[in-house]
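File shown: protein_13.cif. Contents: mmCIF, C-alpha atoms.
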data_data
#
loop_
_atom_site.label_atom_id
_atom_site.label_comp_id
_atom_site.auth_asym_id
_atom_site.auth_seq_id
_atom_site.Cartn_x
_atom_site.Cartn_y
_atom_site.Cartn_z
CA ILE A 20 -22.73 21.08 -53.26
CA PHE A 21 -24.84 21.64 -50.15
CA ALA A 22 -23.00 21.09 -46.85
CA VAL A 23 -24.48 20.98 -43.36
CA ARG A 24 -22.94 20.70 -39.91
CA ILE A 25 -25.17 19.88 -36.96
CA GLN A 26 -23.99 20.35 -33.40
CA LYS A 27 -25.71 20.94 -30.10
CA GLY A 28 -27.24 24.41 -30.24
CA GLU A 29 -26.12 25.34 -33.75
CA LEU A 30 -26.57 24.64 -37.44
CA ALA A 31 -24.04 25.68 -40.08
CA MET A 32 -25.09 25.42 -43.75
CA VAL A 33 -23.32 26.37 -46.95
CA PHE A 34 -23.61 26.08 -50.71
CA PHE A 35 -20.39 25.97 -52.73
CA ASN A 36 -19.39 25.07 -56.26
CA LEU A 37 -16.98 22.35 -57.38
CA GLY A 38 -14.15 24.88 -57.33
CA GLY A 39 -14.67 25.43 -53.60
CA GLU A 40 -16.19 28.90 -53.97
CA VAL A 41 -18.79 29.67 -51.29
CA LEU A 42 -22.08 30.74 -52.90
CA ASN A 43 -24.26 31.15 -49.81
CA GLN A 44 -23.88 30.32 -46.14
CA GLN A 45 -25.70 30.61 -42.86
CA ARG A 46 -25.17 29.78 -39.20
CA GLN A 47 -28.09 29.77 -36.82
CA VAL A 48 -29.02 28.84 -33.29
CA LEU A 49 -30.60 25.41 -33.00
CA ASN A 50 -33.28 25.33 -30.31
CA THR A 51 -34.52 21.80 -30.92
CA ASN A 52 -33.00 18.33 -30.96
CA VAL A 53 -35.99 16.61 -32.58
CA PRO A 54 -34.55 15.07 -35.78
CA GLU A 55 -37.57 15.88 -37.95
CA GLU A 56 -37.56 19.50 -36.78
CA VAL A 57 -33.83 19.86 -37.44
CA VAL A 58 -34.32 18.44 -40.94
CA GLY A 59 -37.19 20.90 -41.44
CA ILE A 60 -34.94 23.85 -40.59
CA ILE A 61 -32.31 22.62 -43.03
CA ARG A 62 -34.95 22.20 -45.74
CA SER A 63 -36.28 25.73 -45.14
CA TYR A 64 -32.84 27.24 -45.67
CA PHE A 65 -32.26 25.06 -48.74
CA GLU A 66 -35.56 26.13 -50.31
CA TRP A 67 -34.94 29.79 -49.48
CA VAL A 68 -31.59 29.72 -51.26
CA ILE A 69 -33.05 27.95 -54.31
CA GLU A 70 -35.84 30.54 -54.53
CA ASN A 71 -33.67 33.61 -53.89
CA SER A 72 -30.47 32.88 -55.79
CA GLN A 73 -29.25 31.69 -59.15
CA ILE A 74 -28.64 28.18 -57.79
CA SER A 75 -30.99 25.72 -59.45
CA ARG A 76 -32.22 22.60 -57.68
CA GLU A 77 -31.07 20.40 -60.57
CA LYS A 78 -27.46 21.55 -60.18
CA VAL A 79 -27.19 20.52 -56.53
CA LEU A 80 -25.35 17.21 -56.94
CA TRP A 81 -25.25 16.03 -53.34
CA CYS A 82 -25.30 17.04 -49.70
CA GLY A 83 -22.50 16.51 -47.19
CA LEU A 84 -23.71 16.19 -43.59
CA ALA A 85 -21.44 16.34 -40.53
CA THR A 86 -22.72 15.43 -37.07
CA PRO A 87 -21.26 14.63 -33.66
CA GLY A 88 -21.40 11.14 -32.24
CA LEU A 89 -21.06 7.57 -33.45
CA ILE A 90 -22.12 7.13 -37.06
CA ASN A 91 -22.39 4.48 -39.73
CA PRO A 92 -21.64 6.43 -42.93
CA HIS A 93 -22.43 3.45 -45.18
CA LYS A 94 -25.99 3.27 -43.86
CA GLY A 95 -26.33 7.02 -43.24
CA LEU A 96 -27.16 6.16 -39.65
CA LEU A 97 -26.40 8.24 -36.60
CA VAL A 98 -25.95 5.41 -34.11
CA ARG A 99 -25.56 7.54 -31.01
CA SER A 100 -24.98 11.17 -30.16
CA SER A 101 -25.24 11.96 -26.47
CA ASN A 102 -24.95 15.70 -27.23
CA LEU A 103 -27.94 15.65 -29.58
CA ASN A 104 -29.67 12.85 -27.65
CA TRP A 105 -30.11 10.96 -30.91
CA TYR A 106 -30.02 7.18 -31.12
CA ASN A 107 -30.24 5.10 -34.31
CA ILE A 108 -31.52 7.98 -36.43
CA PRO A 109 -31.45 7.37 -40.23
CA ILE A 110 -30.49 11.00 -40.69
CA SER A 111 -29.18 10.68 -44.26
CA GLU A 112 -32.46 9.17 -45.46
CA LEU A 113 -34.54 11.74 -43.58
CA LEU A 114 -32.59 14.65 -45.03
CA SER A 115 -32.39 13.23 -48.55
CA THR A 116 -36.16 12.70 -48.64
CA SER A 117 -36.74 16.22 -47.34
CA LEU A 118 -34.45 17.69 -50.03
CA GLY A 119 -36.23 15.90 -52.85
CA GLY A 120 -33.93 12.90 -53.17
CA ILE A 121 -30.54 14.64 -53.27
CA PRO A 122 -27.92 12.06 -52.13
CA VAL A 123 -26.67 12.73 -48.59
CA ARG A 124 -23.23 11.62 -47.39
CA LEU A 125 -22.91 11.41 -43.59
CA GLU A 126 -19.61 11.90 -41.77
CA GLN A 127 -18.60 12.49 -38.17
CA ASN A 128 -17.86 16.19 -37.69
CA ALA A 129 -14.20 15.89 -36.64
CA ASN A 130 -13.50 13.46 -39.49
CA ALA A 131 -15.10 15.86 -41.97
CA ALA A 132 -12.99 18.73 -40.63
CA ALA A 133 -9.82 16.62 -40.77
CA ILE A 134 -10.44 15.81 -44.43
CA ALA A 135 -11.12 19.48 -45.20
CA GLU A 136 -7.91 20.56 -43.46
CA MET A 137 -5.88 17.96 -45.36
CA GLU A 138 -7.36 18.96 -48.72
CA TYR A 139 -7.69 22.73 -48.37
CA GLY A 140 -6.41 23.98 -45.02
CA SER A 141 -3.49 23.87 -42.60
CA GLY A 142 -2.91 20.17 -43.25
CA LYS A 143 -2.48 20.46 -47.00
CA GLY A 144 0.55 18.40 -48.01
CA TYR A 145 0.44 16.22 -44.88
CA SER A 146 -0.77 12.63 -44.96
CA ASN A 147 -0.62 12.00 -41.19
CA LEU A 148 -2.48 14.48 -39.01
CA ILE A 149 -5.08 14.78 -36.28
CA TYR A 150 -7.82 17.38 -36.10
CA ILE A 151 -9.24 17.99 -32.61
CA ASN A 152 -12.68 19.58 -32.40
CA LEU A 153 -12.85 21.64 -29.20
CA SER A 154 -16.50 22.54 -29.06
CA VAL A 155 -19.52 21.58 -26.96
CA GLY A 156 -18.34 18.09 -27.75
CA ILE A 157 -14.73 17.03 -28.16
CA SER A 158 -13.59 14.52 -30.76
CA ALA A 159 -10.67 13.85 -33.08
CA GLY A 160 -10.44 13.18 -36.78
CA ILE A 161 -7.38 10.98 -37.31
CA ILE A 162 -5.77 10.73 -40.75
CA ILE A 163 -3.16 8.05 -41.31
CA ASN A 164 -1.43 7.74 -44.69
CA GLY A 165 -3.94 10.09 -46.26
CA LYS A 166 -7.06 8.25 -45.08
CA ILE A 167 -9.40 8.61 -42.13
CA PHE A 168 -8.67 6.06 -39.42
CA ASN A 169 -12.11 4.72 -38.46
CA GLY A 170 -11.24 1.72 -36.34
CA GLU A 171 -13.08 -1.60 -36.42
CA PHE A 172 -16.63 -0.21 -36.21
CA GLY A 173 -16.06 3.36 -37.41
CA TYR A 174 -16.02 4.96 -33.98
CA ALA A 175 -12.32 5.87 -33.62
CA GLY A 176 -11.46 9.36 -32.42
CA GLU A 177 -14.07 9.75 -29.67
CA ILE A 178 -11.46 11.21 -27.34
CA GLY A 179 -14.06 13.33 -25.55
CA HIS A 180 -15.18 10.20 -23.74
CA THR A 181 -11.79 9.15 -22.50
CA THR A 182 -11.59 9.47 -18.71
CA PHE A 183 -9.66 12.37 -17.22
CA PHE A 184 -11.00 12.34 -13.68
CA PRO A 185 -12.06 8.84 -12.59
CA LYS A 186 -13.07 10.17 -9.18
CA ASN A 187 -15.28 13.21 -8.54
CA GLY A 188 -15.23 14.39 -12.16
CA PRO A 189 -18.18 16.27 -13.71
CA GLN A 190 -20.92 14.14 -15.25
CA CYS A 191 -20.79 13.83 -19.01
CA SER A 192 -23.74 13.81 -21.41
CA CYS A 193 -22.90 10.13 -22.02
CA GLY A 194 -23.80 9.41 -18.39
CA ARG A 195 -20.30 8.70 -17.11
CA TYR A 196 -18.20 10.92 -14.86
CA GLY A 197 -14.88 12.62 -15.53
CA CYS A 198 -14.82 12.45 -19.35
CA PHE A 199 -12.44 14.79 -21.20
CA GLU A 200 -15.43 16.46 -22.87
CA ALA A 201 -17.25 16.99 -19.58
CA SER A 202 -14.10 18.58 -18.12
CA CYS A 203 -12.88 20.69 -21.06
CA GLY A 204 -15.76 21.09 -23.51
CA ALA A 205 -17.11 24.54 -24.33
CA HIS A 206 -20.23 23.96 -22.21
CA ARG A 207 -18.15 23.10 -19.14
CA VAL A 208 -15.81 26.06 -19.65
CA LEU A 209 -18.80 28.39 -19.90
CA GLU A 210 -20.27 26.91 -16.72
CA LEU A 211 -17.04 27.62 -14.85
CA ILE A 212 -16.88 31.17 -16.22
CA LYS A 213 -20.46 31.90 -15.16
CA ALA A 214 -19.69 30.61 -11.68
CA GLU A 215 -16.67 32.90 -11.33
CA VAL A 216 -17.79 36.10 -13.07
CA SER A 217 -20.43 38.39 -11.56
CA GLN A 218 -23.62 39.48 -13.29
CA SER A 219 -22.49 43.10 -13.08
CA LEU A 220 -19.31 42.36 -15.02
CA PHE A 221 -21.28 40.67 -17.80
CA GLU A 222 -23.63 43.66 -17.87
CA LYS A 223 -20.67 46.04 -18.10
CA TYR A 224 -19.94 44.57 -21.53
CA GLY A 225 -23.58 44.43 -22.60
CA MET A 226 -24.11 40.72 -21.96
CA SER A 227 -26.68 38.67 -20.12
CA LYS A 228 -25.19 36.05 -17.83
CA GLU A 229 -28.04 33.67 -18.67
CA LYS A 230 -27.72 34.05 -22.46
CA VAL A 231 -23.97 34.52 -22.91
CA THR A 232 -22.16 32.03 -25.16
CA ILE A 233 -18.55 30.92 -25.13
CA GLU A 234 -18.00 32.82 -28.38
CA ASP A 235 -19.35 36.01 -26.75
CA VAL A 236 -16.73 35.66 -24.02
CA ILE A 237 -13.87 34.86 -26.39
CA SER A 238 -14.58 37.81 -28.68
CA SER A 239 -15.01 40.43 -25.94
CA PRO A 240 -12.75 42.28 -23.44
CA LEU A 241 -14.06 39.79 -20.87
CA LEU A 242 -11.31 37.50 -22.09
CA GLU A 243 -8.83 39.66 -20.18
CA THR A 244 -10.59 39.05 -16.86
CA PRO A 245 -8.14 37.22 -14.53
CA GLN A 246 -10.72 34.61 -13.47
CA ILE A 247 -11.52 33.74 -17.07
CA ARG A 248 -7.87 33.61 -18.07
CA ASP A 249 -7.17 31.21 -15.19
CA ILE A 250 -10.02 28.92 -16.28
CA LEU A 251 -8.80 28.89 -19.87
CA LYS A 252 -5.20 28.28 -18.81
CA GLU A 253 -6.23 25.27 -16.74
CA THR A 254 -8.35 24.01 -19.64
CA GLY A 255 -5.35 24.43 -21.95
CA LYS A 256 -3.18 22.31 -19.67
CA MET A 257 -5.70 19.47 -19.75
CA ILE A 258 -6.04 19.71 -23.53
CA GLY A 259 -2.25 19.60 -23.71
CA ILE A 260 -2.26 16.24 -21.93
CA ALA A 261 -4.68 14.88 -24.53
CA VAL A 262 -2.56 16.28 -27.39
CA ALA A 263 0.60 14.70 -25.96
CA ASN A 264 -1.15 11.35 -25.58
CA LEU A 265 -2.42 11.43 -29.16
CA LEU A 266 1.06 12.25 -30.49
CA SER A 267 2.53 9.37 -28.49
CA LEU A 268 -0.09 6.99 -29.88
CA PHE A 269 -0.16 8.05 -33.54
CA ASN A 270 3.10 9.93 -34.17
CA THR A 271 1.47 12.31 -36.66
CA SER A 272 3.17 15.25 -38.37
CA MET A 273 0.55 17.72 -37.25
CA ILE A 274 -2.19 18.39 -34.71
CA ILE A 275 -4.83 20.92 -35.76
CA LEU A 276 -7.12 22.51 -33.18
CA GLY A 277 -10.59 23.65 -34.21
CA GLY A 278 -13.95 24.51 -32.70
CA GLU A 279 -14.98 27.42 -30.50
CA LEU A 280 -12.28 26.97 -27.85
CA ALA A 281 -9.50 27.05 -30.44
CA LYS A 282 -10.52 30.66 -31.14
CA VAL A 283 -9.08 31.63 -27.75
CA GLY A 284 -5.73 31.62 -29.52
CA ASP A 285 -2.35 32.13 -27.87
CA LEU A 286 -3.63 32.07 -24.30
CA LEU A 287 -4.80 28.49 -24.79
CA ILE A 288 -2.00 27.40 -27.13
CA ARG A 289 0.76 28.40 -24.70
CA GLU A 290 -0.70 26.11 -22.05
CA ILE A 291 -1.25 23.24 -24.49
CA ILE A 292 2.35 23.17 -25.67
#
Would you mind writing the structure in this file as structure tokens?
Amino acid sequence: IFAVRIQKGELAMVFFNLGGEVLNQQRQVLNTNVPEEVVGIIRSYFEWVIENSQISREKVLWCGLATPGLINPHKGLLVRSSNLNWYNIPISELLSTSLGGIPVRLEQNANAAAIAEMEYGSGKGYSNLIYINLSVGISAGIIINGKIFNGEFGYAGEIGHTTFFPKNGPQCSCGRYGCFEASCGAHRVLELIKAEVSQSLFEKYGMSKEKVTIEDVISSPLLETPQIRDILKETGKMIGIAVANLLSLFNTSMIILGGELAKVGDLLIREII
């Protein structure tokens, strides 16, 4: 099985067998949002693995593709992703053709993660759970009675575009103001950190203020900086409101947090709960 996750600024790709064993994997920075170029990068990695491993092309049964945004999995169509700036892209067909006809199954990234958690991760044994992706984008994969809850048109779970600040909120990639994603997404958190932390402090830990990522901050001693801790605490409180609202609406047994911001750990969790 060949699996791919596309998100703004990053590609994650992995080969694994039917027993779930990872055979090869790669994460890389994504510097383009042109669909054909993204597909080309995926194809290059696919071909490299085929040529440099014992995985044969004939044994790759299908490809699972996870993307942000509104999708139509039956048509393999990415209807809209404001983060990728993609609209009505037949991404499954494009990728399948590029990979030599291998079937491609498209799923929204939070839904794909929710299914994975239910089958193999923290949600194993639970039939009612919600996975919240706290990344550049924010969305939720909602599982009710063991199945993904898609809603009428398949767009359920887009909690990142619920309104948190109807007045004077930051502008979202969707064009509106005050969305949850625009207020608490990884990009917004990094913006706030850059505004509060001096260039000299970034340099002290061997980082460039212009090139630093949220994962750089989370995995370094910078995380102990009072200004950064305050930003993350405030972010945690807002995420906590969203979590409480989801529990009130769906009454699930479990909420699972994923994505880059979830890696903050206890500092964020304490504020959420």
**Report entry** Residue nearest Asn52 of chain A - candidates A:Ile20, A:Ala205, A:Leu80, A:Ile108, atoms counted: all atoms listed in the file
**Finding:**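 Of A:Ile20, A:Ala205, A:Leu80, A:Ile108, the one nearest Asn52 of chain A, counting all atoms listed in the file, is A:Ile108.
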Can you check which parts of segment 95-184 of chain A lie within 8 Å of segment 248-271 of chain A? Per residue, the shortest pair of atoms and distance in Å to one decimal, counting all atoms listed in the file, sorted by chain and number, as CSV.
residue,atom,partner,partner_atom,distance
A:Asn147,CA,A:Thr271,CA,5.0
A:Leu148,CA,A:Thr271,CA,5.1
A:Ile149,CA,A:Thr271,CA,7.0
A:Ile163,CA,A:Thr271,CA,7.8
**Report entry** Gap from atom CA of Thr182 of chain A to atom CA of Gly197 of chain A - Å, one decimal
**Finding:**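 Going from atom CA of Thr182 of chain A over to atom CA of Gly197 of chain A, I get 5.6 Å.
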Requested in this report: Taking the file as shown, find all residues satisfying the PyMOL selection byres ((chain A and resi 165-173) around 8) and write them as a list in words.
Outcome: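 On the file shown, the PyMOL selection byres ((chain A and resi 165-173) around 8) covers Leu89, Ile90, Asn91, Asn130, Ile134, Tyr145, Ser146, Asn147, Gly160, Ile161, Ile162, Ile163, Asn164, Tyr174, Ala175 and Gly176 of chain A.
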**Report entry** Selection dump of the PyMOL selection byres ((chain A and resi 92-94) around 12), as a ChimeraX atom specification
**Finding:** /A:83-86,88-91,95-98,107-112,123-128,130-131,169,172-174
Keeping C-alpha atoms for every residue in the selection just given, could you write it to a file as a short mmCIF file (atom, residue, chain, number, x, y, z; two decimals), keeping the file's coordinate frame?
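File produced: part09.cif:
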data_model
loop_
_atom_site.label_atom_id
_atom_site.label_comp_id
_atom_site.auth_asym_id
_atom_site.auth_seq_id
_atom_site.Cartn_x
_atom_site.Cartn_y
_atom_site.Cartn_z
CA GLY A 83 -22.50 16.51 -47.19
CA LEU A 84 -23.71 16.19 -43.59
CA ALA A 85 -21.44 16.34 -40.53
CA THR A 86 -22.72 15.43 -37.07
CA GLY A 88 -21.40 11.14 -32.24
CA LEU A 89 -21.06 7.57 -33.45
CA ILE A 90 -22.12 7.13 -37.06
CA ASN A 91 -22.39 4.48 -39.73
CA GLY A 95 -26.33 7.02 -43.24
CA LEU A 96 -27.16 6.16 -39.65
CA LEU A 97 -26.40 8.24 -36.60
CA VAL A 98 -25.95 5.41 -34.11
CA ASN A 107 -30.24 5.10 -34.31
CA ILE A 108 -31.52 7.98 -36.43
CA PRO A 109 -31.45 7.37 -40.23
CA ILE A 110 -30.49 11.00 -40.69
CA SER A 111 -29.18 10.68 -44.26
CA GLU A 112 -32.46 9.17 -45.46
CA VAL A 123 -26.67 12.73 -48.59
CA ARG A 124 -23.23 11.62 -47.39
CA LEU A 125 -22.91 11.41 -43.59
CA GLU A 126 -19.61 11.90 -41.77
CA GLN A 127 -18.60 12.49 -38.17
CA ASN A 128 -17.86 16.19 -37.69
CA ASN A 130 -13.50 13.46 -39.49
CA ALA A 131 -15.10 15.86 -41.97
CA ASN A 169 -12.11 4.72 -38.46
CA PHE A 172 -16.63 -0.21 -36.21
CA GLY A 173 -16.06 3.36 -37.41
CA TYR A 174 -16.02 4.96 -33.98
#
Report summary line: The distance between atom CA of Arg207 of chain A and atom CA of Gly194 of chain A is 14.8 Å
